[in-house]
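Asks: Supplied structure: my_file-v9.txt, compact mmCIF, C-alpha atoms and all ligand atoms.
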# COMPACT_ATOMS: atom_id res chain seq x y z
CA MET A 1 -26.92 -29.21 -0.50
CA LEU A 2 -28.14 -30.31 2.94
CA SER A 3 -26.04 -31.18 5.93
CA HIS A 4 -26.62 -34.46 7.74
CA ARG A 5 -29.07 -32.69 10.05
CA GLY A 6 -31.15 -31.57 7.14
CA LYS A 7 -30.14 -27.92 7.35
CA PRO A 8 -29.13 -26.25 4.14
CA GLN A 9 -25.36 -25.98 3.87
CA SER A 10 -25.17 -24.29 0.54
CA ILE A 11 -27.33 -23.35 -2.38
CA GLU A 12 -26.10 -24.33 -5.80
CA ILE A 13 -27.42 -22.68 -8.89
CA THR A 14 -26.60 -24.55 -12.06
CA VAL A 15 -26.33 -22.28 -15.06
CA GLN A 16 -26.82 -23.51 -18.61
CA PRO A 17 -25.83 -21.63 -21.74
CA HIS A 18 -28.71 -20.50 -23.92
CA GLY A 19 -28.77 -22.94 -26.79
CA GLY A 20 -29.48 -20.38 -29.48
CA ILE A 21 -27.01 -17.71 -28.38
CA ARG A 22 -23.36 -18.05 -29.18
CA GLY A 23 -20.68 -17.52 -26.61
CA ARG A 24 -18.59 -14.36 -26.77
CA CYS A 25 -14.84 -14.13 -26.97
CA SER A 26 -13.45 -13.14 -23.57
CA GLN A 27 -10.92 -10.85 -25.27
CA CYS A 28 -13.10 -8.81 -27.60
CA GLN A 29 -16.58 -9.84 -26.42
CA ARG A 30 -17.72 -10.53 -29.98
CA PRO A 31 -19.85 -13.64 -30.57
CA ALA A 32 -17.85 -16.54 -31.88
CA PRO A 33 -18.56 -20.13 -32.89
CA GLY A 34 -18.29 -22.72 -30.13
CA TYR A 35 -15.23 -24.93 -29.82
CA ASP A 36 -15.63 -27.18 -26.77
CA ARG A 37 -16.65 -27.14 -23.15
CA LEU A 38 -14.50 -27.08 -20.05
CA ARG A 39 -15.07 -28.76 -16.72
CA GLU A 40 -17.73 -27.37 -14.45
CA ARG A 41 -16.57 -24.61 -12.13
CA ARG A 42 -18.03 -23.08 -8.96
CA TRP A 43 -18.28 -19.38 -8.23
CA LEU A 44 -19.28 -18.07 -4.86
CA PHE A 45 -22.31 -15.81 -5.22
CA VAL A 46 -23.86 -13.45 -2.67
CA PRO A 47 -25.28 -15.47 0.24
CA LEU A 48 -29.05 -15.90 0.02
CA TRP A 49 -30.94 -16.08 3.33
CA GLY A 50 -27.51 -16.29 4.95
CA ILE A 51 -26.69 -19.51 3.09
CA PRO A 52 -23.52 -19.66 0.97
CA THR A 53 -24.62 -19.71 -2.65
CA TYR A 54 -22.73 -20.92 -5.70
CA TYR A 55 -23.07 -20.69 -9.42
CA LEU A 56 -22.17 -23.90 -11.21
CA TYR A 57 -21.28 -23.62 -14.83
CA ALA A 58 -19.15 -25.41 -17.39
CA PRO A 59 -17.63 -22.61 -19.50
CA ARG A 60 -17.51 -23.00 -23.24
CA ARG A 61 -14.51 -22.26 -25.34
CA VAL A 62 -15.09 -20.33 -28.53
CA GLU A 63 -13.05 -19.91 -31.64
CA CYS A 64 -12.68 -16.20 -32.22
CA ALA A 65 -11.57 -14.98 -35.63
CA SER A 66 -9.04 -12.62 -34.07
CA HIS A 67 -8.11 -14.35 -30.82
CA GLY A 68 -8.24 -18.05 -31.63
CA VAL A 69 -9.58 -20.60 -29.17
CA VAL A 70 -10.38 -18.82 -25.93
CA VAL A 71 -12.70 -19.25 -22.97
CA GLU A 72 -15.98 -17.44 -23.48
CA HIS A 73 -16.82 -14.21 -21.73
CA ILE A 74 -18.61 -14.96 -18.46
CA PRO A 75 -20.57 -11.95 -17.27
CA TRP A 76 -20.43 -12.74 -13.54
CA SER A 77 -16.77 -13.65 -13.43
CA ASP A 78 -13.43 -11.92 -13.77
CA GLY A 79 -10.54 -14.12 -14.80
CA LYS A 80 -9.74 -17.14 -12.70
CA ARG A 81 -11.31 -15.82 -9.54
CA ARG A 82 -13.55 -18.16 -7.63
CA MET A 83 -16.00 -15.49 -6.64
CA THR A 84 -18.61 -13.81 -8.75
CA CYS A 85 -18.17 -10.10 -9.36
CA ALA A 86 -21.44 -9.59 -7.48
CA MET A 87 -19.96 -11.22 -4.37
CA MET A 88 -16.72 -9.25 -4.64
CA GLY A 89 -18.66 -6.02 -4.96
CA PHE A 90 -20.86 -7.08 -2.07
CA LEU A 91 -17.90 -7.78 0.23
CA ALA A 92 -16.10 -4.66 -0.92
CA ARG A 93 -19.08 -2.43 -0.16
CA TRP A 94 -19.54 -3.95 3.26
CA GLY A 95 -15.79 -3.72 3.80
CA ARG A 96 -16.18 0.02 3.75
CA ARG A 97 -18.80 0.06 6.49
CA LEU A 98 -17.38 -2.64 8.72
CA SER A 99 -13.80 -3.63 9.32
CA TRP A 100 -12.58 -6.34 6.98
CA ARG A 101 -12.45 -8.78 9.85
CA GLU A 102 -16.07 -8.09 10.77
CA THR A 103 -17.14 -8.36 7.15
CA ALA A 104 -15.46 -11.74 6.89
CA LEU A 105 -17.11 -12.88 10.09
CA VAL A 106 -20.60 -11.74 9.20
CA PHE A 107 -20.55 -13.28 5.73
CA GLN A 108 -18.71 -16.45 6.72
CA THR A 109 -15.67 -15.90 4.62
CA SER A 110 -12.02 -15.13 5.25
CA TRP A 111 -10.23 -11.85 5.79
CA GLU A 112 -8.21 -12.75 2.72
CA ALA A 113 -11.37 -13.04 0.62
CA VAL A 114 -12.55 -9.61 1.72
CA TYR A 115 -9.10 -8.19 1.00
CA ARG A 116 -9.05 -9.69 -2.51
CA SER A 117 -12.54 -8.36 -3.18
CA VAL A 118 -11.67 -4.84 -2.12
CA GLU A 119 -8.49 -5.06 -4.16
CA TRP A 120 -10.47 -6.01 -7.25
CA PHE A 121 -12.98 -3.23 -6.61
CA VAL A 122 -10.25 -0.63 -6.15
CA GLN A 123 -8.26 -1.71 -9.18
CA TRP A 124 -11.35 -1.40 -11.30
CA GLY A 125 -12.03 2.04 -9.86
CA LEU A 126 -8.49 3.28 -10.35
CA ALA A 127 -8.52 2.14 -13.96
CA GLN A 128 -11.79 3.99 -14.64
CA ARG A 129 -11.03 7.08 -12.60
CA GLN A 130 -11.16 10.48 -14.29
CA LEU A 131 -8.47 12.98 -13.42
CA GLU A 132 -9.64 15.87 -15.54
CA GLY A 133 -10.23 19.14 -13.79
CA VAL A 134 -7.86 18.61 -10.88
CA GLU A 135 -6.71 22.14 -10.01
CA SER A 136 -5.59 21.98 -6.42
CA LEU A 137 -3.41 19.37 -4.81
CA GLY A 138 -2.65 18.88 -1.16
CA VAL A 139 0.45 16.93 -0.29
CA ASP A 140 1.14 15.63 3.16
CA GLU A 141 2.95 13.06 5.21
CA ILE A 142 1.18 10.64 7.50
CA HIS A 143 2.75 8.68 10.26
CA TRP A 144 1.85 5.03 10.28
CA GLY A 145 2.47 2.25 12.79
CA ARG A 146 5.12 2.39 15.47
CA GLY A 147 8.51 3.95 15.30
CA LEU A 148 9.95 6.81 13.33
CA GLN A 149 11.81 4.98 10.62
CA ALA A 150 11.44 6.11 7.03
CA ASP A 151 9.01 3.27 6.40
CA ASN A 152 6.67 4.57 9.10
CA PHE A 153 5.67 7.50 6.95
CA LEU A 154 3.35 7.72 4.01
CA THR A 155 3.12 10.44 1.44
CA VAL A 156 -0.42 11.25 0.45
CA ILE A 157 -1.63 13.36 -2.45
CA TYR A 158 -5.14 14.74 -2.26
CA GLN A 159 -7.30 16.63 -4.65
CA ILE A 160 -8.60 19.56 -2.57
CA ASP A 161 -10.80 21.38 -5.08
CA ALA A 162 -14.06 22.64 -3.62
CA HIS A 163 -16.12 20.37 -5.87
CA CYS A 164 -14.08 17.25 -5.23
CA ARG A 165 -11.93 16.26 -2.31
CA ARG A 166 -10.40 12.86 -2.46
CA LEU A 167 -7.28 10.83 -2.06
CA LEU A 168 -5.44 10.56 -5.36
CA TRP A 169 -2.32 8.73 -4.40
CA VAL A 170 -0.56 7.19 -1.45
CA GLY A 171 3.02 5.94 -1.29
CA ARG A 172 5.54 4.73 1.19
CA ARG A 173 8.03 7.11 2.83
CA ARG A 174 8.20 10.86 2.55
CA SER A 175 11.22 11.44 0.37
CA LYS A 176 11.63 13.40 -2.82
CA ALA A 177 11.56 10.13 -4.72
CA THR A 178 8.20 9.24 -3.18
CA LEU A 179 6.54 12.46 -4.21
CA ARG A 180 8.06 12.30 -7.69
CA ARG A 181 6.67 8.81 -8.04
CA GLY A 182 3.24 10.07 -6.99
CA LEU A 183 3.22 12.97 -9.41
CA LYS A 184 4.36 10.68 -12.17
CA ALA A 185 1.52 8.30 -11.40
CA LEU A 186 -0.97 11.15 -11.80
CA GLY A 187 0.55 12.00 -15.16
CA PRO A 188 1.95 15.16 -16.74
CA GLU A 189 -1.48 16.51 -17.76
CA VAL A 190 -2.61 16.63 -14.17
CA VAL A 191 0.63 18.13 -12.86
CA GLN A 192 0.79 20.78 -15.57
CA GLY A 193 -2.84 21.70 -15.09
CA LEU A 194 -2.43 22.51 -11.40
CA ARG A 195 -3.17 26.00 -10.15
CA PHE A 196 -2.56 25.47 -6.45
CA VAL A 197 -0.51 23.12 -4.37
CA CYS A 198 -0.69 23.01 -0.66
CA SER A 199 1.82 21.38 1.66
CA ASP A 200 3.74 21.46 4.89
CA LEU A 201 7.21 22.94 5.22
CA TRP A 202 8.75 19.54 4.71
CA LYS A 203 11.76 20.31 2.56
CA PRO A 204 11.72 17.37 0.13
CA TYR A 205 8.12 18.24 -0.78
CA LEU A 206 8.88 21.93 -1.21
CA GLN A 207 11.72 21.14 -3.56
CA VAL A 208 9.88 18.63 -5.69
CA LEU A 209 6.76 20.79 -5.95
CA ALA A 210 8.82 23.84 -6.90
CA ALA A 211 10.54 21.85 -9.62
CA GLU A 212 7.64 19.88 -11.05
CA ALA A 213 4.67 22.19 -10.66
CA GLU A 214 6.30 25.58 -10.92
CA GLN A 215 3.26 27.18 -12.55
CA ALA A 216 1.12 26.41 -9.50
CA LEU A 217 0.87 28.77 -6.58
CA HIS A 218 2.35 27.04 -3.57
CA VAL A 219 0.46 27.65 -0.36
CA LEU A 220 1.48 26.52 3.07
CA ASP A 221 -1.19 24.78 4.95
CA ARG A 222 -2.53 26.81 7.81
CA PHE A 223 -3.00 23.90 10.15
CA HIS A 224 0.64 22.93 9.73
CA ILE A 225 1.74 26.39 10.81
CA VAL A 226 -0.56 26.17 13.83
CA MET A 227 0.93 22.78 14.58
CA HIS A 228 4.48 24.15 14.54
CA LEU A 229 3.46 26.96 16.87
CA ASN A 230 1.77 24.51 19.22
CA GLN A 231 4.79 22.27 19.29
CA ALA A 232 6.97 25.24 20.20
CA VAL A 233 4.64 26.25 23.06
CA ASP A 234 4.69 22.70 24.32
CA GLN A 235 8.47 22.55 24.24
CA VAL A 236 8.66 25.74 26.27
CA ARG A 237 6.15 24.38 28.78
CA ARG A 238 7.92 21.07 29.23
CA ALA A 239 11.34 22.61 29.63
CA GLU A 240 10.04 25.15 32.11
CA SER A 241 8.08 22.60 34.07
CA THR A 242 11.17 20.39 34.44
CA ARG A 243 13.27 23.35 35.47
CA LEU A 244 10.81 24.59 38.10
CA ARG A 245 10.28 21.15 39.57
CA ALA A 246 14.01 20.62 39.84
CA GLN A 247 14.22 23.86 41.78
CA GLY A 248 11.28 22.78 43.95
CA LYS A 249 9.32 25.88 43.05
CA GLN A 250 5.64 26.30 43.73
CA ALA A 251 5.08 27.77 40.26
CA ALA A 252 5.48 24.29 38.75
CA GLN A 253 1.94 23.60 39.98
CA GLY A 254 0.60 26.19 37.56
CA LEU A 255 1.89 24.20 34.61
CA LYS A 256 0.36 20.92 35.66
CA HIS A 257 -2.32 19.50 33.35
CA MET A 258 -2.01 22.56 31.16
CA ARG A 259 -0.85 20.87 28.00
CA TRP A 260 -4.21 20.77 26.21
CA PRO A 261 -5.59 24.11 27.38
CA LEU A 262 -2.38 25.70 26.10
CA LEU A 263 -2.62 24.04 22.73
CA ARG A 264 -6.24 24.92 22.11
CA ARG A 265 -7.21 28.13 20.55
CA GLY A 266 -7.48 30.65 23.39
CA SER A 267 -11.10 31.54 22.69
CA ARG A 268 -12.08 27.89 23.07
CA VAL A 269 -10.71 27.36 26.56
CA ARG A 270 -13.52 27.57 29.10
CA GLY A 271 -14.46 26.76 32.68
CA ARG A 272 -11.81 25.68 35.17
CA ALA A 273 -9.18 25.31 32.49
CA ARG A 274 -9.81 28.96 31.65
CA GLN A 275 -9.27 30.01 35.27
CA LYS A 276 -6.00 28.10 35.41
CA LEU A 277 -4.97 29.56 32.10
CA ASN A 278 -5.70 33.08 33.31
CA ALA A 279 -3.65 32.47 36.43
CA LEU A 280 -0.82 31.15 34.32
CA LEU A 281 -0.97 34.13 31.98
CA ALA A 282 -0.82 36.52 34.94
CA SER A 283 2.46 34.89 35.97
CA LYS A 284 5.82 35.80 34.55
CA LEU A 285 6.40 32.29 33.27
CA ALA A 286 8.02 31.66 29.91
CA THR A 287 5.12 29.39 28.99
CA ALA A 288 2.73 32.32 29.30
CA ARG A 289 4.82 34.41 26.94
CA ALA A 290 5.08 31.57 24.44
CA TRP A 291 1.31 31.11 24.57
CA GLU A 292 0.71 34.80 23.97
CA LEU A 293 2.95 34.72 20.92
CA LYS A 294 1.11 31.73 19.57
CA GLU A 295 -2.26 33.38 20.09
CA ALA A 296 -1.06 36.63 18.54
CA PHE A 297 -0.22 34.77 15.38
CA GLN A 298 -3.92 33.93 14.84
CA HIS A 299 -4.31 37.48 13.73
CA PHE A 300 -2.19 36.83 10.68
CA TRP A 301 -4.90 34.83 8.93
CA HIS A 302 -7.44 37.64 9.10
CA TYR A 303 -5.65 40.05 6.81
CA LYS A 304 -7.04 40.80 3.39
CA SER A 305 -4.00 42.41 1.88
CA VAL A 306 -0.72 40.67 1.23
CA VAL A 307 1.18 43.82 2.20
CA TRP A 308 -0.41 44.11 5.62
CA ALA A 309 -0.08 40.41 6.25
CA GLY A 310 3.61 40.73 5.37
CA ALA A 311 4.01 43.64 7.76
CA PHE A 312 2.32 41.69 10.53
CA LEU A 313 4.56 38.71 9.88
CA ASP A 314 7.66 40.90 10.19
CA TYR A 315 6.38 42.35 13.43
CA TRP A 316 5.51 38.95 14.87
CA CYS A 317 8.88 37.47 13.94
CA TYR A 318 10.63 40.45 15.49
CA ARG A 319 8.78 39.87 18.77
CA ALA A 320 9.42 36.15 18.68
CA MET A 321 13.13 36.66 18.02
CA ARG A 322 13.37 38.93 21.07
CA SER A 323 11.36 36.62 23.29
CA ARG A 324 14.37 34.64 24.53
CA LEU A 325 12.31 31.50 23.95
CA GLU A 326 14.35 29.30 21.67
CA PRO A 327 11.48 27.17 20.31
CA MET A 328 9.53 30.32 19.38
CA ARG A 329 12.60 31.79 17.73
CA GLN A 330 12.94 28.65 15.67
CA VAL A 331 9.40 29.01 14.41
CA ALA A 332 10.07 32.66 13.58
CA ARG A 333 13.15 31.71 11.58
CA MET A 334 11.22 29.07 9.72
CA LEU A 335 8.37 31.45 8.90
CA ARG A 336 10.81 34.08 7.69
CA THR A 337 12.56 31.61 5.43
CA HIS A 338 9.25 30.71 3.84
CA GLU A 339 7.68 34.14 3.94
CA GLU A 340 6.75 34.09 0.25
CA LEU A 341 4.97 30.76 0.54
CA LEU A 342 3.13 31.95 3.63
CA LEU A 343 1.95 35.07 1.86
CA ASN A 344 0.73 32.96 -1.05
CA TRP A 345 -2.12 32.04 1.26
CA PHE A 346 -3.43 35.59 0.77
CA ARG A 347 -2.79 35.49 -2.96
CA ALA A 348 -4.87 32.32 -3.19
CA LYS A 349 -7.49 33.55 -0.79
CA GLY A 350 -10.91 32.09 -1.36
CA GLU A 351 -9.61 29.71 -4.00
CA ILE A 352 -8.08 27.09 -1.82
CA SER A 353 -9.92 25.49 1.02
CA ASN A 354 -8.25 25.80 4.32
CA GLY A 355 -8.59 22.66 6.36
CA ALA A 356 -9.24 20.30 3.46
CA VAL A 357 -5.93 18.56 3.98
CA GLU A 358 -6.47 18.40 7.71
CA GLY A 359 -9.92 16.90 7.25
CA LEU A 360 -8.67 14.23 4.89
CA ASN A 361 -5.74 13.48 7.20
CA ASN A 362 -8.15 12.87 10.04
CA LYS A 363 -10.13 10.43 7.92
CA ILE A 364 -6.93 8.63 6.96
CA ARG A 365 -6.03 8.23 10.60
CA VAL A 366 -9.30 6.42 11.21
CA VAL A 367 -8.36 3.89 8.53
CA THR A 368 -4.72 3.47 9.50
CA ARG A 369 -5.52 2.93 13.16
CA ARG A 370 -4.14 -0.34 14.31
CA ALA A 371 -7.56 -1.71 15.19
CA TYR A 372 -8.16 -2.35 11.52
CA GLY A 373 -5.24 -4.72 11.55
CA PHE A 374 -3.57 -3.98 8.25
CA ARG A 375 -0.33 -5.83 8.54
CA THR A 376 0.93 -4.85 5.14
CA PHE A 377 1.28 -1.57 3.37
CA LYS A 378 -0.48 -3.03 0.36
CA ALA A 379 -3.64 -3.82 2.33
CA MET A 380 -3.70 -0.39 3.89
CA GLU A 381 -3.09 1.30 0.56
CA ILE A 382 -6.10 -0.48 -0.88
CA ALA A 383 -8.24 0.39 2.12
CA LEU A 384 -7.30 4.06 1.78
CA TYR A 385 -8.22 4.24 -1.89
CA HIS A 386 -11.39 2.35 -1.09
CA THR A 387 -12.59 4.70 1.62
CA LEU A 388 -11.19 8.05 0.49
CA GLY A 389 -10.56 7.75 -3.22
CA ARG A 390 -14.18 8.37 -4.33
CA LEU A 391 -13.53 5.84 -7.03
CA PRO A 392 -16.09 4.85 -9.63
CA GLU A 393 -17.62 1.48 -8.82
CA PRO A 394 -18.23 -1.50 -11.05
CA GLU A 395 -21.90 -1.78 -11.83
CA SER A 396 -23.69 -4.87 -10.75
CA THR A 397 -27.06 -6.11 -11.81
CA HIS A 398 -27.98 -6.80 -8.21
CA ARG A 399 -27.24 -4.45 -5.40
CA PHE A 400 -27.30 -6.15 -2.07
CA CYS A 401 -26.12 -3.31 0.10
ZN ZN A 501 -11.89 -12.11 -29.85
Is it possible to express this structure as structure tokens?
Replies:
Amino acid sequence: MLSHRGKPQSIEITVQPHGGIRGRCSQCQRPAPGYDRLRERRWLFVPLWGIPTYYLYAPRRVECASHGVVVEHIPWSDGKRRMTCAMMGFLARWGRRLSWRETALVFQTSWEAVYRSVEWFVQWGLAQRQLEGVESLGVDEIHWGRGLQADNFLTVIYQIDAHCRRLLWVGRRRSKATLRRGLKALGPEVVQGLRFVCSDLWKPYLQVLAAEAEQALHVLDRFHIVMHLNQAVDQVRRAESTRLRAQGKQAAQGLKHMRWPLLRRGSRVRGRARQKLNALLASKLATARAWELKEAFQHFWHYKSVVWAGAFLDYWCYRAMRSRLEPMRQVARMLRTHEELLLNWFRAKGEISNGAVEGLNNKIRVVTRRAYGFRTFKAMEIALYHTLGRLPEPESTHRFC
């Protein structure tokens, strides 16, 4: 089709059925005698030379022995969709490299069309996905959007086996019900076959995992523990900074711009930040003591024996409890309460990858960032499976990207 200026507006490819080959039933795909023909339909195909391209075809109806009069099986189409599978796969693959908005822009289609294509792609993948051999699960909560309401959290379930790390499930909220729903979706075979589960200290998760996967060794994620310690150091710093400034003390200067140097691992602080940190540590400030406690805890992860790790934990908690720093004492209490789970890290040593959950979380954050513009949970859910689910992909005869 040409526009009034003579430029091609679209390419139309008219498809005719092969006279000698019978149509196939769309239900069972067995050849069946013809019945009649429907009106011609248009399917959007992959753009050729940047020109929108359509298939035109009048589908036949066939009379199947088992399914009666049905529309024939059309290899490039899925149901009533107006796009060919090739185009949906094309948009979906690009939708993983570019944002959906960019994909729509580049290929002259709508955001909605890209969304529907990815949805189709993901649904196919989820239906074909194999869940055999899942031994280690990581469960975590992710904050999404603005605000701290229940709906601003997602529960994610990852497979964190060394040979396969992927997102298995994502659901709204971070309640017991959410996690139960997720485990149910994976099915009893998966849950009963688990050897390790890894999570934060979030109580609803601990309870559900203890109840539903009791055979699995429950390990607390190292990066979560580090996070709790960092938060405690930061609380001490903020409180102290406010107090010193209120008293007009010079020492408040030492705490300025120290948030990040304090939260980093001590061995990674260099240059001027290091000098400031050293000066701070030489002071008698509470922040310095909190930082030293945090750094001392690093040692915990280097033990080989559960017994020695346990002894170290006792010693550390004893010091923290006597530190007169309330946030540090809170962490100590929390670690004591979950001592067994913490020590499971040493029982699982070498078997469970430390940092797998953290790595996947970071990837999720890239997708959930507002710039991608997912207004609905549904769209984001699909995008997450699409990028992190390692789903099988529908085959297509032509690969355009
Ligand atoms: Zn049939």
Asks: Could you list, with a cut-off of 10 Å and counting all atoms listed in the file, the residues of stretch 86-156 of chain A near stretch 49-52 of chain A, each shown with its nearest atom pair and the distance in Å rounded to one decimal, rows sorted by chain and ascending number, as a tab-separated table?
Replies:
residue	atom	partner	partner_atom	distance
A:Val106	CA	A:Gly50	CA	9.3
A:Phe107	CA	A:Gly50	CA	7.6
A:Gln108	CA	A:Pro52	CA	8.2
A:Thr109	CA	A:Pro52	CA	9.4
Asks: Given the selection you just returned, output its residues as a file containing C-alpha atoms, formatted as a tab-separated table (two decimals), keeping the file's coordinate frame.
Replies:
chain	number	residue	atom	x	y	z
A	106	VAL	CA	-20.60	-11.74	9.20
A	107	PHE	CA	-20.55	-13.28	5.73
A	108	GLN	CA	-18.71	-16.45	6.72
A	109	THR	CA	-15.67	-15.90	4.62
Asks: Excluding A:Trp94 and any residue of its chain fewer than 6 positions from it, enumerate the residues within 10 Å of it, using all atoms listed in the file, and give them as a list in words.
Replies: Met88, Trp100, Glu102, Thr103, Ala104, Val106, Phe107, Val114, Val118, Phe400 and Cys401 of chain A
Asks: So which residues touch A:Glu40 within 8 Å, counting only C-alpha atoms, skipping near sequence neighbours fewer than 6 positions away, as a list in words?
Replies: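 Counting only C-alpha atoms, the residues come to Leu56, Tyr57, Ala58 and Pro59 of chain A.
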Asks: Nearest to A:Ala113 among A:Met334, A:Leu244, A:Ala92, A:Ala213, with distances taken over all atoms listed in the file: which residue is it?
Replies: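 Smallest separation from A:Ala113 among the options: A:Ala92.
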Asks: Within 9 Å of A:Gly355, counting all atoms listed in the file, which residues show up once you throw out same-chain ones fewer than 3 positions away? Write them as a ChimeraX atom specification, please.
Replies: /A:221-223,358-360
Asks: How would you write, as a list in words, the set of residues no farther than 10 Å from ligand ZN 501 (chain A) when counting only C-alpha atoms and all ligand atoms?
Replies: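 Counting only C-alpha atoms and all ligand atoms, the residues within 10 Å of ligand ZN 501 (chain A) come out as Arg24, Cys25, Ser26, Gln27, Cys28, Gln29, Arg30, Pro31, Ala32, Val62, Glu63, Cys64, Ala65, Ser66, His67, Gly68, Val69, Val70, Val71, Glu72 and His73 of chain A.
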Asks: Provide stretch 145-167 of chain A rebuilt to N, CA and C atoms, formatted as a compact mmCIF listing (two decimals), in the coordinates of the input.
Replies:
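Below you can see out.txt, which holds the result:
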# COMPACT_ATOMS: atom_id res chain seq x y z
N GLY A 145 1.87 3.31 11.97
CA GLY A 145 2.47 2.25 12.79
C GLY A 145 3.34 2.80 13.90
N ARG A 146 4.25 1.98 14.37
CA ARG A 146 5.12 2.39 15.47
C ARG A 146 6.49 2.73 14.96
N GLY A 147 7.13 3.62 15.66
CA GLY A 147 8.51 3.95 15.30
C GLY A 147 8.57 5.11 14.34
N LEU A 148 9.78 5.62 14.18
CA LEU A 148 9.95 6.81 13.33
C LEU A 148 10.89 6.55 12.17
N GLN A 149 10.98 5.29 11.78
CA GLN A 149 11.81 4.98 10.62
C GLN A 149 11.15 5.52 9.35
N ALA A 150 11.95 5.59 8.30
CA ALA A 150 11.44 6.11 7.03
C ALA A 150 10.18 5.37 6.58
N ASP A 151 10.14 4.07 6.85
CA ASP A 151 9.01 3.27 6.40
C ASP A 151 7.74 3.53 7.20
N ASN A 152 7.86 4.26 8.29
CA ASN A 152 6.67 4.57 9.10
C ASN A 152 5.95 5.82 8.62
N PHE A 153 6.35 6.32 7.47
CA PHE A 153 5.67 7.50 6.95
C PHE A 153 5.08 7.19 5.59
N LEU A 154 3.98 7.84 5.32
CA LEU A 154 3.35 7.72 4.01
C LEU A 154 3.26 9.11 3.42
N THR A 155 3.39 9.18 2.12
CA THR A 155 3.12 10.44 1.44
C THR A 155 1.75 10.31 0.80
N VAL A 156 0.91 11.30 1.05
CA VAL A 156 -0.42 11.25 0.45
C VAL A 156 -0.63 12.46 -0.45
N ILE A 157 -1.29 12.26 -1.55
CA ILE A 157 -1.63 13.36 -2.45
C ILE A 157 -3.15 13.41 -2.55
N TYR A 158 -3.69 14.57 -2.22
CA TYR A 158 -5.14 14.74 -2.26
C TYR A 158 -5.51 15.72 -3.37
N GLN A 159 -6.70 15.55 -3.89
CA GLN A 159 -7.30 16.63 -4.65
C GLN A 159 -8.10 17.44 -3.63
N ILE A 160 -7.89 18.76 -3.59
CA ILE A 160 -8.60 19.56 -2.57
C ILE A 160 -9.44 20.66 -3.22
N ASP A 161 -9.89 20.42 -4.45
CA ASP A 161 -10.80 21.38 -5.08
C ASP A 161 -12.13 21.38 -4.32
N ALA A 162 -12.81 22.53 -4.37
CA ALA A 162 -14.06 22.64 -3.62
C ALA A 162 -15.07 21.58 -4.07
N HIS A 163 -15.10 21.29 -5.38
CA HIS A 163 -16.12 20.37 -5.87
C HIS A 163 -15.74 18.90 -5.67
N CYS A 164 -14.49 18.65 -5.39
CA CYS A 164 -14.08 17.25 -5.23
C CYS A 164 -12.86 17.14 -4.33
N ARG A 165 -13.05 16.51 -3.22
CA ARG A 165 -11.93 16.26 -2.31
C ARG A 165 -11.76 14.77 -2.16
N ARG A 166 -10.60 14.31 -2.52
CA ARG A 166 -10.40 12.86 -2.46
C ARG A 166 -8.92 12.54 -2.41
N LEU A 167 -8.65 11.32 -2.05
CA LEU A 167 -7.28 10.83 -2.06
C LEU A 167 -6.94 10.40 -3.49
